[in-house]
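Just structure-v6.pdb here, PDB, C-alpha atoms:
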```
ATOM      1  CA  MET A  30      -4.724  13.005  -7.608
ATOM      2  CA  ALA A  31      -3.074  14.864  -4.747
ATOM      3  CA  GLU A  32       0.705  14.839  -4.271
ATOM      4  CA  PRO A  33       2.169  13.796  -0.906
ATOM      5  CA  MET A  34       3.327  16.408   1.608
ATOM      6  CA  GLN A  35       6.039  14.027   2.819
ATOM      7  CA  ALA A  36       6.615  10.300   2.528
ATOM      8  CA  LYS A  37       4.185   8.746   4.991
ATOM      9  CA  VAL A  38       4.729   5.116   4.101
ATOM     10  CA  THR A  39       7.667   2.752   4.611
ATOM     11  CA  ALA A  40       8.149  -0.993   4.298
ATOM     12  CA  THR A  41       9.793  -3.683   6.389
ATOM     13  CA  PRO A  42      12.551  -5.863   4.909
ATOM     14  CA  ALA A  43       9.990  -8.700   4.582
ATOM     15  CA  ALA A  44       7.653  -6.446   2.591
ATOM     16  CA  LEU A  45      10.502  -5.262   0.360
ATOM     17  CA  ALA A  46      11.432  -8.903  -0.341
ATOM     18  CA  LEU A  47       7.835  -9.789  -1.256
ATOM     19  CA  ILE A  48       7.559  -6.738  -3.497
ATOM     20  CA  ALA A  49      10.781  -7.784  -5.283
ATOM     21  CA  GLU A  50       9.375 -11.298  -5.757
ATOM     22  CA  ILE A  51       6.132  -9.946  -7.231
ATOM     23  CA  VAL A  52       7.900  -7.407  -9.485
ATOM     24  CA  ALA A  53      10.260 -10.123 -10.783
ATOM     25  CA  GLU A  54       7.231 -12.201 -11.761
ATOM     26  CA  HIS A  55       4.804  -9.505 -12.966
ATOM     27  CA  GLY A  56       6.645  -6.230 -13.598
ATOM     28  CA  PRO A  57       6.076  -2.773 -12.059
ATOM     29  CA  VAL A  58       3.380  -2.549  -9.376
ATOM     30  CA  LEU A  59       1.569   0.008  -7.287
ATOM     31  CA  PHE A  60      -0.246  -0.176  -3.964
ATOM     32  CA  HIS A  61      -3.641   1.148  -2.962
ATOM     33  CA  GLN A  62      -5.015   1.335   0.564
ATOM     34  CA  SER A  63      -8.750   1.894   0.814
ATOM     35  CA  GLY A  64     -10.941   2.084   3.846
ATOM     36  CA  GLY A  65     -13.408  -0.596   2.840
ATOM     37  CA  CYS A  66     -14.201  -3.805   4.619
ATOM     38  CA  CYS A  67     -12.706  -7.229   3.964
ATOM     39  CA  ASP A  68     -10.098  -7.016   1.192
ATOM     40  CA  GLY A  69     -10.419  -3.219   1.076
ATOM     41  CA  SER A  70      -8.909  -2.842   4.531
ATOM     42  CA  SER A  71      -5.548  -4.338   3.485
ATOM     43  CA  PRO A  72      -2.996  -2.741   1.174
ATOM     44  CA  MET A  73      -3.606  -4.110  -2.293
ATOM     45  CA  CYS A  74      -0.817  -4.673  -4.814
ATOM     46  CA  TYR A  75      -1.674  -4.272  -8.512
ATOM     47  CA  LEU A  76       0.138  -4.098 -11.822
ATOM     48  CA  ARG A  77       0.647  -0.420 -12.602
ATOM     49  CA  THR A  78      -1.049  -0.927 -15.958
ATOM     50  CA  GLU A  79      -4.151  -2.522 -14.415
ATOM     51  CA  PHE A  80      -5.218  -0.022 -11.747
ATOM     52  CA  ILE A  81      -6.635   3.402 -12.525
ATOM     53  CA  VAL A  82      -5.664   5.975  -9.914
ATOM     54  CA  SER A  83      -8.403   8.570  -9.425
ATOM     55  CA  GLU A  84      -8.306  12.231  -8.490
ATOM     56  CA  GLN A  85      -9.614  11.127  -5.082
ATOM     57  CA  ASP A  86      -6.484   9.087  -4.347
ATOM     58  CA  VAL A  87      -3.567  10.536  -2.360
ATOM     59  CA  LEU A  88       0.013   9.510  -3.134
ATOM     60  CA  LEU A  89       1.635   8.765   0.249
ATOM     61  CA  GLY A  90       5.051   7.904  -1.148
ATOM     62  CA  HIS A  91       6.902   4.975  -2.695
ATOM     63  CA  ILE A  92       8.063   1.631  -1.341
ATOM     64  CA  ALA A  93      10.599  -0.272  -3.424
ATOM     65  CA  GLU A  94       9.880   2.176  -6.267
ATOM     66  CA  ALA A  95       6.178   1.251  -6.146
ATOM     67  CA  PRO A  96       3.814   4.206  -5.710
ATOM     68  CA  PHE A  97       1.550   3.856  -2.668
ATOM     69  CA  TYR A  98      -1.868   5.516  -2.829
ATOM     70  CA  ILE A  99      -4.671   5.821  -0.309
ATOM     71  CA  GLY A 100      -8.303   6.789  -0.863
ATOM     72  CA  ALA A 101      -9.035  10.409   0.132
ATOM     73  CA  LEU A 102     -11.586   9.463   2.805
ATOM     74  CA  GLN A 103      -9.201   6.976   4.376
ATOM     75  CA  PHE A 104      -6.407   9.553   4.190
ATOM     76  CA  GLU A 105      -8.539  11.990   6.191
ATOM     77  CA  ALA A 106      -8.998   9.360   8.903
ATOM     78  CA  TRP A 107      -5.299   8.375   8.906
ATOM     79  CA  LYS A 108      -3.569  11.653   7.980
ATOM     80  CA  HIS A 109      -1.793  11.844  11.342
ATOM     81  CA  THR A 110      -0.316   8.365  11.059
ATOM     82  CA  ASP A 111       2.699   6.936   9.302
ATOM     83  CA  LEU A 112       2.069   3.608   7.599
ATOM     84  CA  VAL A 113       4.508   0.710   7.728
ATOM     85  CA  ILE A 114       3.839  -2.058   5.228
ATOM     86  CA  ASP A 115       4.740  -5.477   6.577
ATOM     87  CA  VAL A 116       4.178  -9.133   5.645
ATOM     88  CA  VAL A 117       2.374 -11.760   7.705
ATOM     89  CA  PRO A 118       1.315 -15.363   7.016
ATOM     90  CA  GLY A 119      -2.019 -15.704   5.237
ATOM     91  CA  ARG A 120      -3.788 -15.079   1.967
ATOM     92  CA  GLY A 121      -3.647 -11.736   0.201
ATOM     93  CA  GLY A 122      -6.663  -9.860  -1.056
ATOM     94  CA  MET A 123      -8.620 -11.527  -3.836
ATOM     95  CA  PHE A 124      -7.328  -9.155  -6.533
ATOM     96  CA  SER A 125      -3.966  -8.344  -4.951
ATOM     97  CA  LEU A 126      -0.779  -9.815  -6.429
ATOM     98  CA  ASP A 127       0.247 -11.188  -3.019
ATOM     99  CA  ASN A 128      -2.701 -13.613  -3.144
ATOM    100  CA  GLY A 129      -1.786 -17.299  -3.366
ATOM    101  CA  ARG A 130       1.687 -16.914  -1.836
ATOM    102  CA  GLU A 131       0.686 -17.919   1.724
ATOM    103  CA  LYS A 132       1.861 -14.514   2.919
ATOM    104  CA  ARG A 133       0.198 -11.153   2.589
ATOM    105  CA  PHE A 134       0.837  -7.478   3.030
ATOM    106  CA  LEU A 135      -0.357  -5.842   6.245
ATOM    107  CA  THR A 136      -0.552  -2.157   7.139
ATOM    108  CA  ARG A 137       0.757  -1.167  10.535
ATOM    109  CA  SER A 138       0.544   2.426  11.713
ATOM    110  CA  ALA A 139       2.137   4.831  14.150
ATOM    111  CA  ILE A 140       1.038   8.322  15.147
ATOM    112  CA  CYS A 141       3.189  10.977  13.443
ATOM    113  CA  SER A 142       5.406  13.002  15.728
ATOM    114  CA  ILE A 143       4.862  16.070  13.540
ATOM    115  CA  GLN A 144       1.413  16.631  12.081
ATOM    116  CA  THR A 145       1.121  17.954   8.534
TER     117      THR A 145
END
```

Once more with this new file: its structure as structure tokens, please.
Amino acid sequence: MAEPMQAKVTATPAALALIAEIVAEHGPVLFHQSGGCCDGSSPMCYLRTEFIVSEQDVLLGHIAEAPFYIGALQFEAWKHTDLVIDVVPGRGGMFSLDNGREKRFLTRSAICSIQT
């Protein structure tokens, strides 16, 4: 898996609070952002021991000590954006640890001021 050039992901206070809630209940987590449809278009939160990171995944950085990966194809499409992980009302992805909490993670993005 590729190492990040610089941290390209941050989290809002609401996202940090939800991550803390999930970690308190389940233990260490990681995030993966793919470019798929439906659940794959949202950041997914998994137990670190239950998700296999591939060589095609790019580490964007860490939020609340949780590694945040993105699929290589999605990284190519979004490489000039900074991601901000937020929380909104709703249901999380089917396999994501935010599911069933009536709030879910959401990826917001902003164009980078300096391209890498």

Tell me which protein, DNA and RNA residues are within 10 Å of Gly56 (chain A), counting only C-alpha atoms, leaving out same-chain ones fewer than 6 positions away, and put them as a tab-separated table (two decimals) with C-alpha atoms, keeping the file's coordinate frame.
```
chain	number	residue	atom	x	y	z
A	49	ALA	CA	10.78	-7.78	-5.28
A	50	GLU	CA	9.38	-11.30	-5.76
A	75	TYR	CA	-1.67	-4.27	-8.51
A	76	LEU	CA	0.14	-4.10	-11.82
A	77	ARG	CA	0.65	-0.42	-12.60
A	78	THR	CA	-1.05	-0.93	-15.96
```

> So how many Å separate CA of Leu45 (chain A) and CA of Val113 (chain A), to one decimal?
Replying inline: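 Rounded to one decimal, the two atoms are 11.2 Å apart.
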
> Got a sec: who's within 6 Å of region 94-106 of chain A, counting all atoms listed in the file, leaving out chain neighbours fewer than 3 positions off, as a PyMOL selection string?
Replying inline: chain A and resi 58-64+85-91

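Remark: for Val38 (chain A), the closest of the candidate residues A:Gly129, A:Gly119, A:Phe124, A:Asp111 is A:Asp111 (distances computed over all atoms listed in the file).
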
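Reported to one decimal place, the separation of CA of Ile92 (chain A) from CA of Thr136 (chain A) is 12.7 Å.
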
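Closest to Pro72 (chain A) among A:Leu126, A:Ala93, A:Leu112, A:Leu135 is A:Leu135, based on only C-alpha atoms.
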
> Using all atoms listed in the file, which of A:Thr39, A:Ser71, A:Ser125, A:Thr110 sits nearest Ile51 (chain A)?
Replying inline: A:Ser125

> the PyMOL selection byres ((chain A and resi 43) around 10) on the file shown: which residues, as a list in words?
Replying inline: Ala40, Thr41, Pro42, Ala44, Leu45, Ala46, Leu47, Ile48, Ala49, Ile114, Asp115, Val116, Val117 and Phe134 of chain A

> In Å, with one decimal, what is the gap from CA of Ser138 (chain A) to CA of Glu84 (chain A)?
Replying inline: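 Computing the Euclidean distance for CA of Ser138 (chain A) and CA of Glu84 (chain A) yields 24.1 Å.
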
>> Show me, as a list in words, the residues that have an atom within 7 Å of Arg120 (chain A) when counting only C-alpha atoms, minus same-chain residues fewer than 6 positions from it.
In response: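 Non-adjacent residues within range: Asn128, Gly129, Arg130, Glu131, Lys132 and Arg133 of chain A.
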